[in-house]
>>> print(open('query14.tsv').read())   # TSV, C-alpha atoms
chain	number	residue	atom	x	y	z
A	2	MET	CA	3.62	12.79	-11.00
A	3	ASN	CA	7.26	11.92	-11.65
A	4	ARG	CA	9.17	10.32	-8.79
A	5	PRO	CA	12.90	9.68	-9.05
A	6	LEU	CA	14.00	6.10	-8.49
A	7	ASP	CA	16.59	5.16	-5.93
A	8	ASP	CA	19.81	3.71	-7.37
A	9	TYR	CA	18.93	0.12	-6.41
A	10	THR	CA	15.52	0.23	-8.11
A	11	ALA	CA	16.87	2.00	-11.19
A	12	GLU	CA	19.59	-0.63	-11.56
A	13	ALA	CA	17.08	-3.49	-11.16
A	14	ILE	CA	14.78	-2.00	-13.79
A	15	ASN	CA	17.65	-1.39	-16.20
A	16	GLU	CA	18.81	-5.00	-15.79
A	17	CYS	CA	15.25	-6.23	-16.33
A	18	LEU	CA	14.88	-4.16	-19.50
A	19	ALA	CA	18.28	-5.31	-20.83
A	20	TYR	CA	17.31	-8.95	-20.23
A	21	ARG	CA	13.97	-8.37	-21.91
A	22	GLN	CA	15.66	-6.77	-24.93
A	23	ARG	CA	17.95	-9.79	-25.28
A	24	ARG	CA	15.15	-12.33	-24.82
A	25	TRP	CA	12.44	-10.62	-26.91
A	26	PRO	CA	14.25	-8.10	-29.16
A	27	ASN	CA	11.22	-7.52	-31.40
A	28	SER	CA	8.63	-7.08	-28.67
A	29	THR	CA	6.50	-3.97	-28.91
A	30	ASN	CA	4.82	-4.55	-25.55
A	31	PRO	CA	5.11	-1.25	-23.61
A	32	HIS	CA	4.84	-2.81	-20.15
A	33	LEU	CA	7.83	-3.25	-17.87
A	34	LEU	CA	7.06	-6.90	-17.12
A	35	ILE	CA	6.27	-9.29	-19.95
A	36	THR	CA	6.20	-13.05	-20.42
A	37	SER	CA	6.49	-15.34	-23.42
A	38	ASN	CA	2.69	-15.05	-23.72
A	39	THR	CA	2.54	-11.24	-23.61
A	40	ALA	CA	5.77	-10.41	-25.47
A	41	THR	CA	4.02	-10.46	-28.85
A	42	THR	CA	0.99	-8.50	-27.64
A	43	THR	CA	0.38	-5.25	-25.79
A	44	THR	CA	-1.38	-6.87	-22.82
A	45	THR	CA	-0.15	-6.92	-19.25
A	46	VAL	CA	1.02	-10.00	-17.42
A	47	GLY	CA	-1.74	-11.80	-15.54
A	48	THR	CA	-2.33	-11.78	-11.81
A	49	PHE	CA	-1.39	-15.46	-11.59
A	50	TRP	CA	2.05	-14.65	-12.99
A	51	MET	CA	2.45	-11.65	-10.68
A	52	ASP	CA	1.38	-13.67	-7.63
A	53	ARG	CA	4.03	-16.29	-8.43
A	54	LEU	CA	6.63	-13.54	-8.89
A	55	VAL	CA	6.10	-12.14	-5.38
A	56	LYS	CA	5.13	-15.33	-3.52
A	57	GLU	CA	8.22	-15.14	-1.28
A	58	LEU	CA	7.40	-11.59	-0.12
A	59	PRO	CA	5.51	-11.04	3.15
A	60	VAL	CA	2.75	-9.19	1.25
A	61	GLY	CA	0.96	-9.78	-2.05
A	62	VAL	CA	0.69	-7.59	-5.12
A	63	ASP	CA	-2.56	-6.02	-3.89
A	64	GLN	CA	-0.88	-4.85	-0.69
A	65	LEU	CA	2.12	-3.55	-2.65
A	66	ARG	CA	-0.27	-1.57	-4.85
A	67	GLN	CA	-2.14	-0.17	-1.84
A	68	ASP	CA	1.15	0.83	-0.20
A	69	ARG	CA	2.28	2.61	-3.37
A	70	ILE	CA	-1.04	4.51	-3.57
A	71	LEU	CA	-0.69	5.50	0.09
A	72	GLU	CA	2.91	6.67	-0.43
A	73	GLU	CA	1.80	8.86	-3.33
A	74	ALA	CA	-1.12	10.24	-1.32
A	75	LEU	CA	1.17	11.05	1.62
A	76	ALA	CA	3.65	12.71	-0.74
A	77	ASN	CA	0.78	14.93	-1.91
A	78	GLY	CA	-0.18	15.89	1.65
A	79	ALA	CA	-3.05	13.45	2.26
A	80	ASP	CA	-4.07	12.68	5.85
A	81	PRO	CA	-3.63	8.92	6.52
A	82	SER	CA	-6.26	9.03	9.29
A	83	THR	CA	-8.91	9.58	6.61
A	84	SER	CA	-7.97	6.35	4.82
A	85	HIS	CA	-10.95	4.25	3.67
A	86	THR	CA	-9.17	0.94	4.03
A	87	SER	CA	-9.43	-1.51	6.89
A	88	SER	CA	-5.96	-2.99	6.43
A	89	PRO	CA	-3.53	-1.78	9.13
A	90	SER	CA	-0.53	-2.07	6.83
A	91	ALA	CA	-2.33	-0.06	4.15
A	92	ARG	CA	-2.15	2.92	6.49
A	93	ARG	CA	1.62	2.59	6.60
A	94	PRO	CA	3.72	1.78	3.55
A	95	ALA	CA	5.62	-1.52	3.78
A	96	SER	CA	8.84	0.43	3.36
A	97	ALA	CA	8.01	2.36	6.53
A	98	THR	CA	7.71	-0.75	8.67
A	99	PRO	CA	10.18	-0.44	11.56
A	100	ALA	CA	13.15	-2.78	11.49
A	101	GLN	CA	12.93	-5.53	14.10
>>> encode(input="query14.tsv", output="structure tokens")
Amino acid sequence: MNRPLDDYTAEAINECLAYRQRRWPNSTNPHLLITSNTATTTTTVGTFWMDRLVKELPVGVDQLRQDRILEEALANGADPSTSHTSSPSARRPASATPAQ
């Protein structure tokens, strides 16, 4: 399923890809995020690297992934009350958290 990006996200990804092209111009790695270890391969970055990347966020990469899956399910008409997860925030995407 194709989902359009908001302007902020599209700009962040374009800046990331431009930086990557400058830093590793010959990389054939198809993944959005690469490191000096993965730039010359086709492997993904490791979970240790991802955990360090998001350590300042209030949720980890697993929760971000669960929220994205839930958002896609809701966009396809899924009923959140039938969720098989026990995490309260997994029933509501992080982006839907009310502002305090």
>>> residues_around(input="query14.tsv", residues="Phe49 of chain A", least_positions_apart="4", cutoff="12 Å", atoms="all atoms listed in the file", output="PDB file with C-alpha atoms, keeping the file's coordinate frame")
ATOM      1  CA  THR A  36       6.200 -13.050 -20.420  1.00  0.00           C
ATOM      2  CA  THR A  45      -0.150  -6.920 -19.250  1.00  0.00           C
ATOM      3  CA  ARG A  53       4.030 -16.290  -8.430  1.00  0.00           C
ATOM      4  CA  LEU A  54       6.630 -13.540  -8.890  1.00  0.00           C
ATOM      5  CA  VAL A  55       6.100 -12.140  -5.380  1.00  0.00           C
ATOM      6  CA  LYS A  56       5.130 -15.330  -3.520  1.00  0.00           C
ATOM      7  CA  GLY A  61       0.960  -9.780  -2.050  1.00  0.00           C
ATOM      8  CA  VAL A  62       0.690  -7.590  -5.120  1.00  0.00           C
TER       9      VAL A  62
END
>>> atom_distance(input="query14.tsv", atom1="atom CA of Leu18 of chain A", atom2="atom CA of Asn77 of chain A")
29.5 Å
>>> atom_distance(input="query14.tsv", atom1="atom CA of Val60 of chain A", atom2="atom CA of Arg24 of chain A")
29.0 Å
>>> atom_distance(input="query14.tsv", atom1="atom CA of Leu34 of chain A", atom2="atom CA of Val46 of chain A")
6.8 Å
>>> closest_residue(input="query14.tsv", among="A:Met51, A:Leu65, A:Ile14, A:Ala79", to="Leu33 of chain A", atoms="all atoms listed in the file")
A:Ile14
>>> axis_aligned_box(input="query14.tsv", around="segment 29-38 of chain A", padding_each_side="5 Å", output="JSON")
{"center_x": 5.3, "center_y": -8.3, "center_z": -23.0, "size_x": 15.1, "size_y": 24.1, "size_z": 21.8}
>>> closest_residue(input="query14.tsv", among="A:Thr29, A:Pro59, A:Asp68, A:Asp7", to="Thr44 of chain A", atoms="all atoms listed in the file")
A:Thr29
